[in-house]
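Here the structure comes first, spelled out in structure tokens, and everything after it is commentary.
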Amino acid sequence: MLLLIGGVPNSSAGATLSGETSYLESLLNDNVGDIELSVVSLGFDRDVAVVSQNIAIDRSRLSLTHRALHAIGARALYARLATFPLGRLVNSIGPLDQGRVFWRHIRREPAALKALKNADVVIAADLAAVKTAWIAAKRGWCTHAEYDTRAYGLGLSFALADAD
């Protein structure tokens, strides 16, 4: 099973060279019909023919950690720190880092965690999903994890092709 994960819709679109081949696209082209593709994301909530399972994580269910961080004003501090290089470094090791937030969402969604544990290959389509893909590989849940920003655009093309 192949799992495509993404945390923030459109966070990495256009971040790669146009001539690069997507790892996801090459897997799908080389193994036509042999791959079961699942998607776990915070924003891709459309049904698509090529996707066997689409798990859209509910962002409205905030964990206790999120509620506490919002209550003490950590979001405002995060936004202020994001305006300069040293602040972005501090943010990357803090609790509001996109990767940490996405991982917390995955842990709270049983279907998403099950899909992650059952995947053979995990492809992170954006930076927010990289930590989750790394954790899956480190814990032996998947045989291979890949960071592929081009997969995000390919996911959008799935939706466009299905709409025709």
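The way I read the labels, and the way they are meant: chains A, B, ... in the order of the structure tokens, residue 1 as the first residue of every chain, and ligand 1 as the first ligand shown, with later ones counted on from there.
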
* To do: From a DSSP pass on the backbone, collect the residues of segment 23-115 of chain A flagged as strand (DSSP E) and hand them back as JSON, numbers by chain.
  => {"A": [37, 38, 39, 40, 41, 51, 52, 53, 54, 55, 56]}

Output N, CA, C and O atoms for every residue in the selection just made, as a compact mmCIF listing (two decimals), in the first residue's frame.
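File result.txt, as written:
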# COMPACT_ATOMS: atom_id res chain seq x y z
N LEU A 37 -3.46 3.20 -3.47
CA LEU A 37 -3.06 4.53 -3.01
C LEU A 37 -4.07 5.07 -2.01
O LEU A 37 -5.27 5.11 -2.26
N SER A 38 -3.56 5.49 -0.85
CA SER A 38 -4.38 6.13 0.17
C SER A 38 -3.83 7.53 0.41
O SER A 38 -2.64 7.77 0.23
N VAL A 39 -4.70 8.44 0.84
CA VAL A 39 -4.29 9.82 1.11
C VAL A 39 -4.75 10.19 2.52
O VAL A 39 -5.90 9.94 2.89
N VAL A 40 -3.84 10.77 3.29
CA VAL A 40 -4.18 11.33 4.60
C VAL A 40 -3.75 12.78 4.56
O VAL A 40 -2.59 13.08 4.28
N SER A 41 -4.68 13.70 4.81
CA SER A 41 -4.35 15.11 4.73
C SER A 41 -5.25 15.96 5.61
O SER A 41 -6.26 15.49 6.11
N VAL A 51 -7.73 7.00 -5.86
CA VAL A 51 -7.44 6.89 -4.43
C VAL A 51 -8.39 5.88 -3.79
O VAL A 51 -9.61 6.05 -3.84
N SER A 52 -7.82 4.83 -3.19
CA SER A 52 -8.67 3.81 -2.58
C SER A 52 -9.22 4.24 -1.22
O SER A 52 -10.29 3.82 -0.82
N GLN A 53 -8.46 5.06 -0.50
CA GLN A 53 -8.90 5.53 0.81
C GLN A 53 -8.44 6.97 0.99
O GLN A 53 -7.26 7.27 0.85
N ASN A 54 -9.37 7.86 1.30
CA ASN A 54 -9.04 9.26 1.52
C ASN A 54 -9.46 9.65 2.92
O ASN A 54 -10.64 9.67 3.24
N ILE A 55 -8.49 9.95 3.76
CA ILE A 55 -8.76 10.32 5.14
C ILE A 55 -8.46 11.80 5.32
O ILE A 55 -7.30 12.22 5.29
N ALA A 56 -9.50 12.59 5.45
CA ALA A 56 -9.35 14.02 5.69
C ALA A 56 -9.44 14.25 7.19
O ALA A 56 -10.46 13.97 7.82

* To do: Counting only C-alpha atoms, figure out which residue out of A:Val101, A:Glu109, A:Thr83, A:Ser92 gets nearest to Leu69 of chain A.
  => A:Val101

* **Point-to-point distance in Å for atom CA of Leu3 of chain A and atom CA of Asn118 of chain A** =>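 Separating atom CA of Asn118 of chain A from atom CA of Leu3 of chain A is a distance of 8.9 Å.
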
Might you pull out every residue within 9 Å of Ala145 of chain A, with only C-alpha atoms counted and same-chain residues fewer than 2 positions away left off, and present them as a CSV table (one decimal) with N, CA and C atoms, in the first residue's frame?
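Saved result, part_36.csv, follows:
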chain,number,residue,atom,x,y,z
A,120,ASP,N,3.3,0.5,3.0
A,120,ASP,CA,4.6,0.0,2.6
A,120,ASP,C,5.5,1.2,2.3
A,121,VAL,N,5.0,2.2,1.6
A,121,VAL,CA,5.7,3.4,1.2
A,121,VAL,C,4.9,4.6,1.6
A,122,VAL,N,5.5,5.6,2.3
A,122,VAL,CA,4.9,6.8,2.7
A,122,VAL,C,5.6,8.0,2.0
A,123,ILE,N,4.7,8.8,1.3
A,123,ILE,CA,5.3,9.9,0.6
A,123,ILE,C,4.7,11.2,1.3
A,124,ALA,N,5.6,12.1,1.7
A,124,ALA,CA,5.2,13.3,2.3
A,124,ALA,C,5.2,14.4,1.2
A,130,VAL,N,6.6,15.8,6.6
A,130,VAL,CA,8.0,15.1,6.7
A,130,VAL,C,8.2,14.4,8.0
A,133,ALA,N,6.3,11.1,8.2
A,133,ALA,CA,6.9,10.1,7.3
A,133,ALA,C,8.2,9.6,7.9
A,134,TRP,N,9.0,10.5,8.5
A,134,TRP,CA,10.2,10.0,9.2
A,134,TRP,C,9.9,9.1,10.4
A,136,ALA,N,7.3,7.2,10.7
A,136,ALA,CA,6.8,5.9,10.2
A,136,ALA,C,8.0,5.0,9.8
A,137,ALA,N,9.0,5.7,9.1
A,137,ALA,CA,10.1,4.9,8.7
A,137,ALA,C,11.0,4.5,9.9
A,142,CYS,N,6.8,1.4,7.8
A,142,CYS,CA,6.9,1.4,6.3
A,142,CYS,C,8.3,1.0,5.9
A,143,THR,N,8.4,0.5,4.7
A,143,THR,CA,9.7,0.1,4.2
A,143,THR,C,10.5,1.3,3.6
A,147,TYR,N,10.2,12.3,0.6
A,147,TYR,CA,9.7,13.7,0.6
A,147,TYR,C,9.6,14.0,-0.9

* Could you please write out, as a ChimeraX atom specification, every residue of segment 20-132 of chain A that DSSP assigns to alpha helix (DSSP H)? => /A:23-30,64-71,74-81,85-92,98-108,110-118,127-132

File dump, residues just selected, C-alpha atoms, as an mmCIF file, in the first residue's frame:
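Now in again-v3.cif:
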data_model
loop_
_atom_site.group_PDB
_atom_site.id
_atom_site.type_symbol
_atom_site.label_atom_id
_atom_site.label_comp_id
_atom_site.auth_asym_id
_atom_site.auth_seq_id
_atom_site.Cartn_x
_atom_site.Cartn_y
_atom_site.Cartn_z
ATOM 1 C CA TYR A 23 8.429 9.958 -7.099
ATOM 2 C CA LEU A 24 4.710 9.266 -6.704
ATOM 3 C CA GLU A 25 4.086 9.620 -10.431
ATOM 4 C CA SER A 26 6.943 7.252 -11.315
ATOM 5 C CA LEU A 27 5.619 4.652 -8.837
ATOM 6 C CA LEU A 28 2.111 4.905 -10.277
ATOM 7 C CA ASN A 29 3.343 4.727 -13.887
ATOM 8 C CA ASP A 30 5.676 1.770 -13.263
ATOM 9 C CA LEU A 64 -5.593 19.811 24.980
ATOM 10 C CA THR A 65 -2.082 20.874 23.931
ATOM 11 C CA HIS A 66 -3.462 23.057 21.125
ATOM 12 C CA ARG A 67 -6.101 24.627 23.331
ATOM 13 C CA ALA A 68 -3.505 25.416 26.026
ATOM 14 C CA LEU A 69 -1.091 26.931 23.501
ATOM 15 C CA HIS A 70 -3.840 29.116 22.039
ATOM 16 C CA ALA A 71 -4.981 30.183 25.526
ATOM 17 C CA ALA A 74 1.651 31.030 21.784
ATOM 18 C CA ARG A 75 0.169 31.453 18.292
ATOM 19 C CA ALA A 76 0.840 35.205 18.369
ATOM 20 C CA LEU A 77 4.398 34.598 19.576
ATOM 21 C CA TYR A 78 4.894 32.015 16.798
ATOM 22 C CA ALA A 79 3.693 34.542 14.194
ATOM 23 C CA ARG A 80 6.022 37.240 15.565
ATOM 24 C CA LEU A 81 9.025 34.901 15.634
ATOM 25 C CA PRO A 85 15.566 34.012 10.728
ATOM 26 C CA LEU A 86 16.457 33.284 14.366
ATOM 27 C CA GLY A 87 12.762 33.309 15.266
ATOM 28 C CA ARG A 88 12.014 30.758 12.524
ATOM 29 C CA LEU A 89 14.746 28.543 13.995
ATOM 30 C CA VAL A 90 13.152 28.807 17.446
ATOM 31 C CA ASN A 91 9.741 28.035 15.914
ATOM 32 C CA SER A 92 11.112 24.902 14.224
ATOM 33 C CA GLN A 98 4.021 22.431 11.289
ATOM 34 C CA GLY A 99 5.508 18.943 11.454
ATOM 35 C CA ARG A 100 4.712 18.559 15.149
ATOM 36 C CA VAL A 101 1.176 19.872 14.682
ATOM 37 C CA PHE A 102 0.511 17.474 11.774
ATOM 38 C CA TRP A 103 1.911 14.523 13.769
ATOM 39 C CA ARG A 104 -0.374 15.385 16.699
ATOM 40 C CA HIS A 105 -3.363 15.420 14.305
ATOM 41 C CA ILE A 106 -2.360 12.021 12.885
ATOM 42 C CA ARG A 107 -2.026 10.508 16.373
ATOM 43 C CA ARG A 108 -5.525 11.683 17.300
ATOM 44 C CA PRO A 110 -7.332 6.354 14.477
ATOM 45 C CA ALA A 111 -7.984 5.781 10.753
ATOM 46 C CA ALA A 112 -5.008 7.952 9.771
ATOM 47 C CA LEU A 113 -2.685 6.239 12.253
ATOM 48 C CA LYS A 114 -3.836 2.812 11.037
ATOM 49 C CA ALA A 115 -3.192 3.792 7.394
ATOM 50 C CA LEU A 116 0.276 5.033 8.359
ATOM 51 C CA LYS A 117 1.102 1.802 10.172
ATOM 52 C CA ASN A 118 -0.137 -0.354 7.258
ATOM 53 C CA LEU A 127 7.114 19.976 4.838
ATOM 54 C CA ALA A 128 4.404 19.532 7.476
ATOM 55 C CA ALA A 129 4.193 15.809 6.650
ATOM 56 C CA VAL A 130 7.950 15.101 6.670
ATOM 57 C CA LYS A 131 8.159 14.457 10.435
ATOM 58 C CA THR A 132 5.270 11.972 10.229
#

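In terms of minimum interatomic distance to Trp141 of chain A, A:Met1 ranks closest within A:Ile72, A:Ile35, A:Leu62, A:Met1, counting only C-alpha atoms.
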
* **atom CA of Thr149 of chain A to atom CA of Phe84 of chain A, distance in Å rounded to a single decimal** =>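 That distance, rounded to one decimal, is 24.4 Å.
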